[in-house]
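So this one's start_15.csv, CSV, C-alpha atoms:
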chain,number,residue,atom,x,y,z
A,1,MET,CA,-11.1,-26.6,9.1
A,2,ALA,CA,-9.6,-23.8,7.0
A,3,VAL,CA,-6.4,-24.4,5.0
A,4,ARG,CA,-3.9,-21.7,4.8
A,5,VAL,CA,-2.1,-21.2,1.5
A,6,SER,CA,1.5,-20.1,1.6
A,7,VAL,CA,2.6,-17.1,-0.5
A,8,LYS,CA,5.5,-19.1,-1.7
A,9,GLU,CA,3.3,-21.5,-3.6
A,10,THR,CA,2.9,-20.4,-7.2
A,11,MET,CA,0.0,-22.4,-8.4
A,12,VAL,CA,-3.1,-23.8,-6.7
A,13,GLY,CA,-5.0,-25.8,-9.2
A,14,THR,CA,-5.2,-23.5,-12.3
A,15,GLU,CA,-5.4,-20.3,-10.3
A,16,ALA,CA,-2.2,-18.3,-9.6
A,17,VAL,CA,-1.4,-17.2,-6.1
A,18,ASN,CA,-0.1,-13.7,-5.3
A,19,MET,CA,3.6,-13.5,-5.2
A,20,ALA,CA,5.6,-11.6,-2.6
A,21,TYR,CA,8.5,-9.3,-3.6
A,22,PRO,CA,10.7,-8.5,-0.6
A,23,ALA,CA,13.5,-5.9,-0.3
A,24,MET,CA,15.5,-4.8,2.7
A,25,HIS,CA,18.1,-2.3,3.7
A,26,ARG,CA,20.3,-3.8,6.4
A,27,TYR,CA,22.5,-1.8,8.6
A,28,ALA,CA,20.9,1.5,7.7
A,29,ARG,CA,22.7,4.2,9.7
A,30,ILE,CA,19.5,5.6,11.3
A,31,SER,CA,17.6,4.8,14.5
A,32,ALA,CA,14.7,2.4,14.0
A,33,ARG,CA,12.6,4.7,16.1
A,34,LYS,CA,12.9,7.5,13.5
A,35,VAL,CA,11.8,5.2,10.6
A,36,ARG,CA,8.9,3.2,12.2
A,37,PRO,CA,6.3,6.0,12.0
A,38,LEU,CA,7.0,6.3,8.2
A,39,ALA,CA,6.7,2.6,7.8
A,40,ASP,CA,3.3,2.8,9.5
A,41,LEU,CA,2.2,5.5,7.0
A,42,VAL,CA,2.8,3.3,3.9
A,43,ARG,CA,1.8,-0.1,5.2
A,44,GLY,CA,-1.3,-1.3,3.3
A,45,LYS,CA,-1.0,1.4,0.5
A,46,PHE,CA,-0.4,0.8,-3.2
A,47,ALA,CA,3.3,1.0,-4.0
A,48,ASP,CA,3.0,4.1,-6.2
A,49,GLU,CA,0.8,5.8,-3.6
A,50,ALA,CA,3.4,5.0,-0.9
A,51,LEU,CA,6.2,6.5,-2.9
A,52,GLU,CA,4.0,9.6,-3.4
A,53,ILE,CA,3.4,9.9,0.3
A,54,LEU,CA,7.1,9.5,1.2
A,55,ARG,CA,8.2,12.0,-1.4
A,56,TYR,CA,6.6,14.9,0.6
A,57,GLN,CA,7.9,13.8,4.0
A,58,PRO,CA,10.8,16.0,5.2
A,59,ASN,CA,12.5,13.2,7.1
A,60,ARG,CA,15.7,11.4,6.2
A,61,GLY,CA,14.1,8.1,7.1
A,62,ALA,CA,11.6,8.7,4.3
A,63,ARG,CA,14.4,8.8,1.7
A,64,LEU,CA,15.7,5.4,3.0
A,65,LEU,CA,12.3,3.8,3.0
A,66,GLU,CA,11.6,5.2,-0.5
A,67,LYS,CA,14.8,3.5,-1.7
A,68,VAL,CA,13.7,0.1,-0.2
A,69,ILE,CA,10.3,0.4,-1.9
A,70,LYS,CA,11.9,1.2,-5.2
A,71,SER,CA,14.2,-1.8,-4.8
A,72,ALA,CA,11.1,-4.1,-4.1
A,73,LEU,CA,9.5,-2.7,-7.3
A,74,GLY,CA,12.7,-3.5,-9.2
A,75,ASN,CA,12.6,-7.1,-7.8
A,76,ALA,CA,9.0,-7.4,-9.0
A,77,GLN,CA,9.8,-6.1,-12.5
A,78,ASP,CA,12.9,-8.1,-13.0
A,79,PRO,CA,12.2,-10.9,-15.6
A,80,ASP,CA,15.4,-12.7,-14.5
A,81,ASN,CA,14.2,-13.0,-11.0
A,82,PRO,CA,13.4,-16.8,-10.4
A,83,LYS,CA,10.1,-15.9,-8.7
A,84,ASN,CA,8.8,-14.1,-11.8
A,85,LYS,CA,9.4,-17.0,-14.2
A,86,GLY,CA,10.2,-14.6,-17.1
A,87,ARG,CA,7.3,-12.2,-16.7
A,88,THR,CA,7.0,-8.7,-15.3
A,89,VAL,CA,4.4,-7.4,-12.9
A,90,ASN,CA,2.0,-4.5,-13.3
A,91,ILE,CA,3.3,-1.8,-10.9
A,92,GLU,CA,-0.2,-0.3,-10.3
A,93,SER,CA,-1.4,-3.6,-8.8
A,94,LEU,CA,1.4,-3.9,-6.1
A,95,VAL,CA,0.5,-3.3,-2.5
A,96,VAL,CA,2.9,-2.8,0.5
A,97,VAL,CA,1.8,-5.7,2.6
A,98,GLN,CA,4.7,-5.6,5.1
A,99,ALA,CA,6.8,-2.6,6.1
A,100,TYR,CA,8.7,-3.0,9.4
A,101,VAL,CA,11.9,-1.7,10.9
A,102,ASP,CA,14.1,-3.7,13.3
A,103,GLY,CA,16.9,-2.4,15.4
A,104,GLY,CA,20.4,-3.3,14.3
A,105,PRO,CA,23.7,-3.2,16.1
A,106,MET,CA,25.0,-0.1,17.9
A,107,PHE,CA,28.3,1.7,17.8
A,108,LYS,CA,29.1,2.7,21.4
A,109,ARG,CA,31.2,5.8,22.1
A,110,VAL,CA,32.2,7.5,25.3
A,111,ARG,CA,31.4,11.1,26.0
A,112,PRO,CA,33.4,12.7,28.9
A,113,ARG,CA,31.3,14.4,31.5
A,114,SER,CA,32.1,16.5,34.6
A,115,ARG,CA,33.9,15.2,37.7
A,116,GLY,CA,35.6,12.4,35.8
A,117,MET,CA,32.4,10.6,34.7
A,118,ALA,CA,31.5,9.4,31.2
A,119,ASN,CA,28.3,8.7,29.3
A,120,VAL,CA,27.9,6.1,26.7
A,121,ILE,CA,26.6,7.4,23.3
A,122,ARG,CA,24.8,4.8,21.2
A,123,LYS,CA,25.0,5.3,17.5
A,124,ARG,CA,22.1,3.1,16.4
A,125,PHE,CA,21.6,1.1,13.1
A,126,SER,CA,18.4,-0.4,11.8
A,127,HIS,CA,17.1,-3.0,9.3
A,128,ILE,CA,14.3,-1.8,7.0
A,129,HIS,CA,12.1,-4.5,5.4
A,130,VAL,CA,9.4,-4.0,2.8
A,131,THR,CA,7.3,-6.7,1.0
A,132,LEU,CA,5.1,-6.0,-2.0
A,133,GLU,CA,2.4,-8.3,-3.1
A,134,GLU,CA,0.2,-8.3,-6.3
A,135,LEU,CA,-3.5,-7.8,-5.9
Could you express the structure from this file as structure tokens?
Amino acid sequence: MAVRVSVKETMVGTEAVNMAYPAMHRYARISARKVRPLADLVRGKFADEALEILRYQPNRGARLLEKVIKSALGNAQDPDNPKNKGRTVNIESLVVVQAYVDGGPMFKRVRPRSRGMANVIRKRFSHIHVTLEEL
């Protein structure tokens, strides 16, 4: 029977287990549908390669996802972060293991239409999550 090792564990015997460095942008004022294809582009890539890919994407969602990846890189480099235990991580060895976008709440507005009718306009929000892990 195989035993699964949690990412949260820091030591197994004398061998260090890879640490996960998450970052998220909650209540981003963009539809999740617009950011999901960009998250699919960078999932599984090295962090610096993912930033390079997003830099040349003309979408506003790429800028938001770029900021979240940079925040996760900052979390990995921060020696005061309790997960790091006073050490910093080599940026070249970090991989985007998770990149997903969830839908958030919606502002609902009413748009008047002809013959006394009204349409509901949904101004959508999203939650952007990125997790980096060391190879």
**Request:** Write out as number ranges by chain each polymer residue whose atoms come within 12 Å of Ala39 of chain A, counting only C-alpha atoms; drop sequence neighbours fewer than 6 positions from it.
**Result:** A: 32-33, 45, 50-51, 53-54, 57, 61-66, 68-69, 96-102, 127-131
**Message:** What's the separation between atom CA of Gly44 of chain A and atom CA of Glu134 of chain A, in Å to one decimal place?
**Reply:**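 Separating atom CA of Gly44 of chain A from atom CA of Glu134 of chain A is a distance of 12.0 Å.
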**Asked** Which one of A:Lys67, A:Ile121, A:Ala47, A:Gly116 sits closest to Ile91 of chain A if you count only C-alpha atoms?
**Response** A:Ala47
**Item:** Counting only C-alpha atoms, the option among A:Glu133, A:Asp80, A:Pro105, A:Lys70 closest to Ser93 of chain A
**Value:**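 Using only C-alpha atoms, the shortest distance to Ser93 of chain A belongs to A:Glu133.
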**Prompt:** Of the candidates A:Gly103, A:Asp40, A:Tyr56, A:Val110, which one gets nearest to Ala28 of chain A if we count only C-alpha atoms?
**Reply:** A:Gly103
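Between atom CA of Leu135 of chain A and atom CA of Arg55 of chain A there is a distance of 23.4 Å.
Using only C-alpha atoms, the protein and nucleic acid residues lying no more than 6 Å from Ala72 of chain A, apart from those fewer than 3 places from it along its own chain, are A:Tyr21, A:Pro22, A:Ala23, A:Ile69, A:Asn75.
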**Prompt:** When you draw a straight line from atom CA of Val89 of chain A to atom CA of Gln77 of chain A, how long is it in Å?
**Reply:**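 About the pair atom CA of Val89 of chain A and atom CA of Gln77 of chain A: they are 5.6 Å apart.
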**Item:** Best match for closeness to Val120 of chain A among A:Leu132, A:Ala76, A:Ala20, A:Met106, counting only C-alpha atoms
**Value:**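 Once distances to Val120 of chain A are computed over only C-alpha atoms, the minimum belongs to A:Met106.
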